[in-house]
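S.K.: Input file: entry-v4.cif. Contents: mmCIF, C-alpha atoms.
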```cif
data_protein
loop_
_atom_site.label_atom_id
_atom_site.label_comp_id
_atom_site.auth_asym_id
_atom_site.auth_seq_id
_atom_site.Cartn_x
_atom_site.Cartn_y
_atom_site.Cartn_z
CA MET G 12 -10.00 -16.24 -22.49
CA ALA G 13 -6.50 -15.61 -23.83
CA SER G 14 -4.05 -14.45 -21.14
CA LEU G 15 -3.67 -10.68 -21.10
CA GLY G 16 -0.15 -11.11 -19.71
CA ILE G 17 0.83 -11.68 -23.35
CA PRO G 18 1.38 -8.24 -24.94
CA ALA G 19 -0.38 -9.06 -28.24
CA ASN G 20 -3.58 -9.99 -26.37
CA THR G 21 -3.51 -6.77 -24.35
CA ILE G 22 -3.01 -4.70 -27.51
CA GLU G 23 -5.86 -6.54 -29.22
CA ILE G 24 -8.28 -5.76 -26.37
CA LEU G 25 -7.21 -2.10 -26.21
CA LYS G 26 -7.80 -1.79 -29.97
CA LYS G 27 -11.13 -3.64 -29.84
CA TYR G 28 -12.47 -1.13 -27.31
CA ASN G 29 -10.54 1.83 -28.72
CA PHE G 30 -9.25 2.42 -25.19
CA SER G 31 -7.21 5.52 -24.43
CA PHE G 32 -5.02 5.70 -21.34
CA GLN G 33 -6.04 8.22 -18.71
CA LYS G 34 -3.12 10.21 -17.34
CA LYS G 35 -5.17 11.19 -14.27
CA PHE G 36 -5.58 7.52 -13.26
CA GLY G 37 -1.87 6.71 -13.70
CA GLN G 38 -2.65 3.68 -15.89
CA ASN G 39 0.17 1.26 -16.76
CA PHE G 40 -0.93 -2.27 -17.68
CA LEU G 41 1.33 -5.21 -16.88
CA ILE G 42 2.36 -7.35 -19.87
CA ASP G 43 4.74 -9.91 -18.41
CA THR G 44 3.54 -13.38 -17.48
CA HIS G 45 6.61 -14.09 -15.27
CA ILE G 46 5.89 -11.06 -13.11
CA LEU G 47 2.19 -11.94 -12.92
CA GLU G 48 3.05 -15.47 -11.78
CA LYS G 49 5.54 -14.08 -9.26
CA ILE G 50 2.90 -11.76 -7.75
CA ILE G 51 0.45 -14.65 -7.40
CA GLU G 52 3.13 -16.85 -5.83
CA GLU G 53 4.35 -14.19 -3.40
CA SER G 54 0.85 -13.20 -2.28
CA HIS G 55 0.35 -16.83 -1.11
CA ILE G 56 -3.20 -16.98 -2.47
CA THR G 57 -5.16 -20.19 -1.98
CA LYS G 58 -8.65 -21.39 -2.83
CA ASP G 59 -9.71 -20.33 0.69
CA ASP G 60 -8.90 -16.68 0.05
CA CYS G 61 -11.03 -13.70 -0.79
CA VAL G 62 -8.85 -11.17 -2.62
CA LEU G 63 -9.45 -7.46 -3.01
CA GLU G 64 -7.80 -6.20 -6.19
CA ILE G 65 -7.37 -2.45 -6.47
CA GLY G 66 -7.26 -1.08 -10.01
CA PRO G 67 -7.71 -4.21 -12.15
CA GLY G 68 -7.32 -2.23 -15.40
CA ILE G 69 -8.33 -4.56 -18.23
CA GLY G 70 -8.28 -7.60 -15.94
CA THR G 71 -4.74 -8.89 -16.59
CA MET G 72 -3.93 -9.83 -13.00
CA THR G 73 -7.59 -10.44 -12.20
CA GLN G 74 -7.55 -13.50 -14.47
CA TYR G 75 -4.58 -14.95 -12.54
CA LEU G 76 -6.21 -14.13 -9.20
CA ALA G 77 -9.51 -15.73 -10.25
CA GLU G 78 -7.70 -18.97 -11.15
CA ASN G 79 -6.09 -19.13 -7.70
CA ALA G 80 -8.52 -17.58 -5.20
CA ARG G 81 -11.98 -18.48 -3.99
CA HIS G 82 -13.36 -15.03 -4.80
CA VAL G 83 -11.96 -11.78 -6.21
CA VAL G 84 -13.49 -8.36 -5.65
CA ALA G 85 -11.94 -5.93 -8.14
CA VAL G 86 -12.44 -2.20 -7.55
CA GLU G 87 -11.90 -0.06 -10.66
CA ILE G 88 -12.33 3.73 -10.71
CA ASP G 89 -12.33 4.20 -14.53
CA LYS G 90 -15.83 3.47 -15.82
CA SER G 91 -14.58 3.09 -19.40
CA LEU G 92 -12.82 -0.10 -18.24
CA ILE G 93 -15.99 -1.75 -16.90
CA PRO G 94 -17.24 -3.13 -20.27
CA ILE G 95 -13.71 -4.38 -21.00
CA LEU G 96 -13.60 -6.19 -17.65
CA GLU G 97 -17.00 -7.76 -18.32
CA ASP G 98 -15.49 -9.16 -21.53
CA THR G 99 -12.05 -10.28 -20.27
CA LEU G 100 -13.47 -11.82 -17.09
CA SER G 101 -16.60 -13.36 -18.65
CA GLU G 102 -15.34 -16.91 -18.04
CA TYR G 103 -14.94 -16.42 -14.28
CA ASP G 104 -17.94 -16.69 -11.98
CA ASN G 105 -15.84 -15.93 -8.88
CA VAL G 106 -15.11 -12.28 -9.71
CA THR G 107 -17.11 -9.22 -8.63
CA VAL G 108 -16.20 -5.93 -10.34
CA LEU G 109 -17.11 -2.69 -8.57
CA ASN G 110 -16.84 0.65 -10.35
CA ALA G 111 -15.71 2.79 -7.40
CA ASP G 112 -12.92 4.86 -5.90
CA ILE G 113 -11.05 2.64 -3.43
CA LEU G 114 -10.47 5.63 -1.11
CA LYS G 115 -14.24 5.98 -0.74
CA THR G 116 -15.08 2.27 -0.65
CA ASP G 117 -16.32 0.53 2.49
CA ILE G 118 -13.79 -2.32 2.61
CA GLN G 119 -15.28 -3.69 5.82
CA ALA G 120 -18.55 -4.20 3.92
CA ILE G 121 -16.63 -6.13 1.22
CA CYS G 122 -15.07 -8.37 3.93
CA ASP G 123 -18.48 -8.95 5.45
CA GLU G 124 -20.29 -9.66 2.19
CA TYR G 125 -17.72 -11.81 0.42
CA ASN G 126 -15.64 -13.31 3.25
CA ASN G 127 -17.89 -13.55 6.33
CA GLY G 128 -15.93 -10.71 7.93
CA LYS G 129 -12.70 -12.74 7.87
CA PRO G 130 -9.38 -11.14 6.81
CA ILE G 131 -8.89 -10.63 3.09
CA LYS G 132 -5.72 -10.35 1.02
CA VAL G 133 -5.13 -7.24 -1.06
CA VAL G 134 -3.29 -7.39 -4.38
CA ALA G 135 -2.72 -4.38 -6.61
CA ASN G 136 -0.66 -2.74 -9.31
CA LEU G 137 -1.06 0.74 -7.88
CA PRO G 138 -0.89 4.07 -9.68
CA TYR G 139 2.15 5.71 -8.14
CA TYR G 140 0.61 9.04 -7.22
CA ILE G 141 -1.88 7.40 -4.88
CA THR G 142 0.15 4.57 -3.33
CA THR G 143 0.56 6.09 0.13
CA PRO G 144 -3.07 7.16 0.71
CA ILE G 145 -4.31 3.71 -0.36
CA ILE G 146 -1.90 1.77 1.87
CA MET G 147 -2.43 4.03 4.84
CA GLY G 148 -6.20 3.97 4.29
CA LEU G 149 -6.17 0.17 4.39
CA PHE G 150 -4.12 0.04 7.60
CA GLU G 151 -5.69 2.94 9.48
CA SER G 152 -9.26 1.81 8.86
CA HIS G 153 -8.36 -1.44 10.68
CA VAL G 154 -10.25 -3.58 8.17
CA PRO G 155 -9.39 -7.28 8.53
CA LEU G 156 -6.34 -7.84 6.29
CA LYS G 157 -3.88 -10.71 6.04
CA SER G 158 -1.50 -9.08 3.62
CA ILE G 159 -1.10 -6.46 0.93
CA THR G 160 0.99 -7.45 -2.10
CA ILE G 161 1.48 -4.50 -4.37
CA MET G 162 3.45 -3.23 -7.31
CA VAL G 163 4.71 0.26 -6.56
CA GLN G 164 7.46 2.62 -7.65
CA LYS G 165 10.78 1.04 -6.64
CA GLU G 166 11.85 3.92 -4.42
CA VAL G 167 8.52 3.86 -2.57
CA ALA G 168 8.96 0.14 -1.89
CA GLU G 169 12.46 0.87 -0.55
CA ARG G 170 11.12 3.66 1.63
CA MET G 171 8.59 1.29 3.21
CA LYS G 172 11.27 -1.06 4.53
CA GLU G 173 13.97 1.51 5.34
CA GLY G 174 15.38 1.86 8.88
CA PRO G 175 16.57 4.90 10.87
CA GLY G 176 19.41 7.08 9.63
CA SER G 177 18.82 6.82 5.90
CA LYS G 178 17.46 9.61 3.71
CA ASP G 179 14.58 7.36 2.59
CA TYR G 180 13.46 6.68 6.15
CA GLY G 181 10.38 8.67 7.07
CA ALA G 182 6.76 8.71 8.15
CA LEU G 183 5.78 6.08 5.54
CA SER G 184 8.51 3.67 6.72
CA LEU G 185 7.36 3.96 10.33
CA ALA G 186 3.68 3.66 9.52
CA VAL G 187 4.13 0.57 7.35
CA GLN G 188 6.45 -1.07 9.90
CA TYR G 189 3.99 -0.40 12.73
CA TYR G 190 1.26 -2.34 10.95
CA ALA G 191 3.12 -4.90 8.86
CA ASP G 192 6.31 -6.74 8.03
CA PRO G 193 7.47 -5.39 4.62
CA GLU G 194 9.40 -7.52 2.14
CA ILE G 195 10.39 -6.61 -1.43
CA VAL G 196 9.78 -9.78 -3.45
CA ALA G 197 10.51 -8.67 -7.03
CA GLU G 198 11.96 -5.79 -9.03
CA VAL G 199 10.20 -4.95 -12.28
CA SER G 200 11.56 -3.13 -15.32
CA PRO G 201 9.55 -0.41 -17.13
CA ASN G 202 9.51 -2.74 -20.19
CA CYS G 203 6.95 -4.95 -18.43
CA PHE G 204 4.19 -2.36 -18.88
CA ILE G 205 2.07 -0.66 -21.54
CA PRO G 206 2.64 2.29 -21.62
CA LYS G 207 6.17 2.21 -20.20
CA PRO G 208 6.47 4.18 -16.94
CA ASN G 209 9.52 6.44 -16.48
CA VAL G 210 10.63 4.63 -13.33
CA GLY G 211 11.42 1.13 -12.15
CA SER G 212 8.87 -0.73 -10.04
CA ALA G 213 8.98 -3.31 -7.28
CA VAL G 214 6.54 -5.77 -5.79
CA ILE G 215 6.39 -5.52 -2.00
CA ARG G 216 4.44 -7.79 0.33
CA LEU G 217 3.22 -6.29 3.60
CA THR G 218 2.23 -9.05 6.00
CA ARG G 219 -0.12 -7.60 8.60
CA TYR G 220 0.92 -8.06 12.24
CA GLU G 221 -1.60 -9.66 14.60
CA LYS G 222 -0.64 -6.90 16.96
CA PRO G 223 1.83 -4.04 16.46
CA PRO G 224 5.48 -4.72 17.44
CA VAL G 225 5.51 -1.79 19.91
CA ASN G 226 3.24 -0.78 22.77
CA VAL G 227 1.73 2.64 22.26
CA GLU G 228 -1.12 4.10 24.27
CA ASP G 229 -2.48 6.35 21.52
CA GLU G 230 -1.44 5.47 17.99
CA ASN G 231 -3.05 8.57 16.43
CA PHE G 232 -0.98 10.75 18.75
CA MET G 233 2.19 8.80 17.91
CA PHE G 234 1.59 9.27 14.17
CA ALA G 235 0.96 13.00 14.70
CA LEU G 236 4.38 13.18 16.40
CA ILE G 237 5.99 11.19 13.58
CA ARG G 238 4.50 13.45 10.91
CA ALA G 239 5.64 16.54 12.84
CA SER G 240 9.16 15.09 13.14
CA PHE G 241 9.52 14.53 9.40
CA ASN G 242 7.62 17.57 8.09
CA GLN G 243 10.83 19.57 8.20
CA ARG G 244 13.56 16.95 8.17
CA ARG G 245 16.41 19.39 8.80
CA LYS G 246 14.87 20.60 12.04
CA THR G 247 15.54 18.96 15.38
CA LEU G 248 12.83 16.72 16.72
CA SER G 249 12.01 19.15 19.55
CA ASN G 250 11.59 22.06 17.10
CA GLY G 251 9.50 19.99 14.69
CA ILE G 252 7.12 18.76 17.39
CA SER G 253 6.82 22.05 19.29
CA ASN G 254 6.00 23.91 16.02
CA ALA G 255 3.34 21.43 14.91
CA GLY G 256 0.41 22.87 16.83
CA LEU G 257 0.06 19.78 19.03
CA GLY G 258 0.12 21.82 22.24
CA ILE G 259 3.53 20.44 23.23
CA SER G 260 6.34 22.81 24.22
CA ARG G 261 9.99 22.46 23.28
CA GLU G 262 10.81 21.99 26.99
CA GLN G 263 8.41 19.04 27.27
CA VAL G 264 10.02 17.34 24.27
CA THR G 265 13.55 18.00 25.55
CA LYS G 266 12.61 16.59 28.94
CA ALA G 267 11.08 13.48 27.38
CA LEU G 268 14.20 12.96 25.23
CA GLU G 269 16.36 13.34 28.35
CA GLN G 270 14.30 10.65 30.06
CA MET G 271 15.00 8.41 27.03
CA GLU G 272 18.72 9.27 27.19
CA LEU G 273 18.61 11.00 23.80
CA SER G 274 20.25 14.28 22.83
CA PRO G 275 17.97 17.36 22.81
CA THR G 276 19.24 18.09 19.27
CA VAL G 277 18.33 14.66 17.86
CA ARG G 278 16.45 14.58 14.55
CA GLY G 279 13.39 12.47 13.79
CA GLU G 280 15.26 10.32 11.26
CA ALA G 281 17.48 8.93 14.05
CA LEU G 282 14.62 7.41 16.09
CA THR G 283 13.37 3.85 15.78
CA LEU G 284 9.67 2.95 15.84
CA GLU G 285 10.12 1.77 19.43
CA GLN G 286 11.64 5.12 20.43
CA PHE G 287 8.75 7.00 18.81
CA ALA G 288 6.33 4.80 20.75
CA ASN G 289 8.18 5.59 24.02
CA LEU G 290 8.28 9.29 23.24
CA SER G 291 4.57 9.25 22.47
CA ASN G 292 3.74 7.47 25.73
CA ILE G 293 5.87 9.88 27.80
CA LEU G 294 4.41 13.01 26.15
CA LYS G 295 0.88 11.65 26.38
CA LYS G 296 1.24 11.43 30.16
#
```
Please render this file's structure as structure tokens.

M.R.:
Amino acid sequence: MASLGIPANTIEILKKYNFSFQKKFGQNFLIDTHILEKIIEESHITKDDCVLEIGPGIGTMTQYLAENARHVVAVEIDKSLIPILEDTLSEYDNVTVLNADILKTDIQAICDEYNNGKPIKVVANLPYYITTPIIMGLFESHVPLKSITIMVQKEVAERMKEGPGSKDYGALSLAVQYYADPEIVAEVSPNCFIPKPNVGSAVIRLTRYEKPPVNVEDENFMFALIRASFNQRRKTLSNGISNAGLGISREQVTKALEQMELSPTVRGEALTLEQFANLSNILKK
């Protein structure tokens, strides 16, 4: 099958099937072989790996994954793409295409069925509007993952690896850094896609930690505190948390901050992941 990373081949397939892009699915198909090769290289895929691809589109990256992995499970929400995928992937016997919504898919079952329950690698060119729910869904469900290598909007990639004190630092940064080590491995221009998105993109690799870098007694509680701290960024941490309906008073927060030698007027964006873990453990007691 001709490589779909070559724009003419992508256009030919789209014409053959009279495919129209669905705004609601945020579809932008990659047409740059260098970027495709870079994603494969940076996701460190070997013939031992089972890869979950989210949103294969017409199968552009799926072809590259199939050449390099033992098995690829591609989950595509748009049913009009299924016949196209059957065509573009017809030469590969190591690809399973599922027509499903990834947010409602039992990923543990995929690990069990296709990888004997062992950790899988996730690779995706994600629609921007749904990046955060997908990443958080993968981490919070605690399915066995080695890494997630994804193309996302450039500013979202930057937010994932940002540290305290910057305007981009927030709940997403802390959540990603609790579960994984984030590294931006490529920046991608809008010209590398059909149709062209309005924003630049980046490929980020999130390597899952064996165990989180901080000790926290109740991670759900910690993330509730983090969300409360960033819901209204201009508010102090003690106001944000005491107004969040978590049953914690301003005095309790102030006292905990005092114990941590932090100012009672500190804002959420000033705290490191480790400090949030400490705060969570103190307030939980």

S.K.: Translate the PyMOL selection byres ((chain G and resi 17) around 10), as applied to the file shown, into an explicit residue set as a PyMOL selection string.

M.R.: chain G and resi 13-16+18-22+41-44+71

S.K.: Can you work out which one of G:Ala182, G:Ile205, G:Leu294, G:Leu257 has the shortest atom-to-atom distance to G:Leu282, counting only C-alpha atoms?

M.R.: G:Ala182

S.K.: Expand the PyMOL selection byres ((chain G and resi 216-225) around 8) into the explicit residue set it covers here, and present it as a ChimeraX atom specification.

M.R.: /G:53-54,156-161,187,189-196,214-215,226-227,284-285,288

S.K.: Quick one: of G:Thr73, G:Ser31, G:Asn127, G:Asn231, who's nearest to G:Asn105, counting only C-alpha atoms?

M.R.: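 Nearest to G:Asn105: G:Thr73.
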
S.K.: Using the chain letters and numbers from the file, give me the residues hit by the PyMOL selection byres ((chain G and resi 273-276) around 9), as a PyMOL selection string.

M.R.: chain G and resi 246-250+264-272+277-278
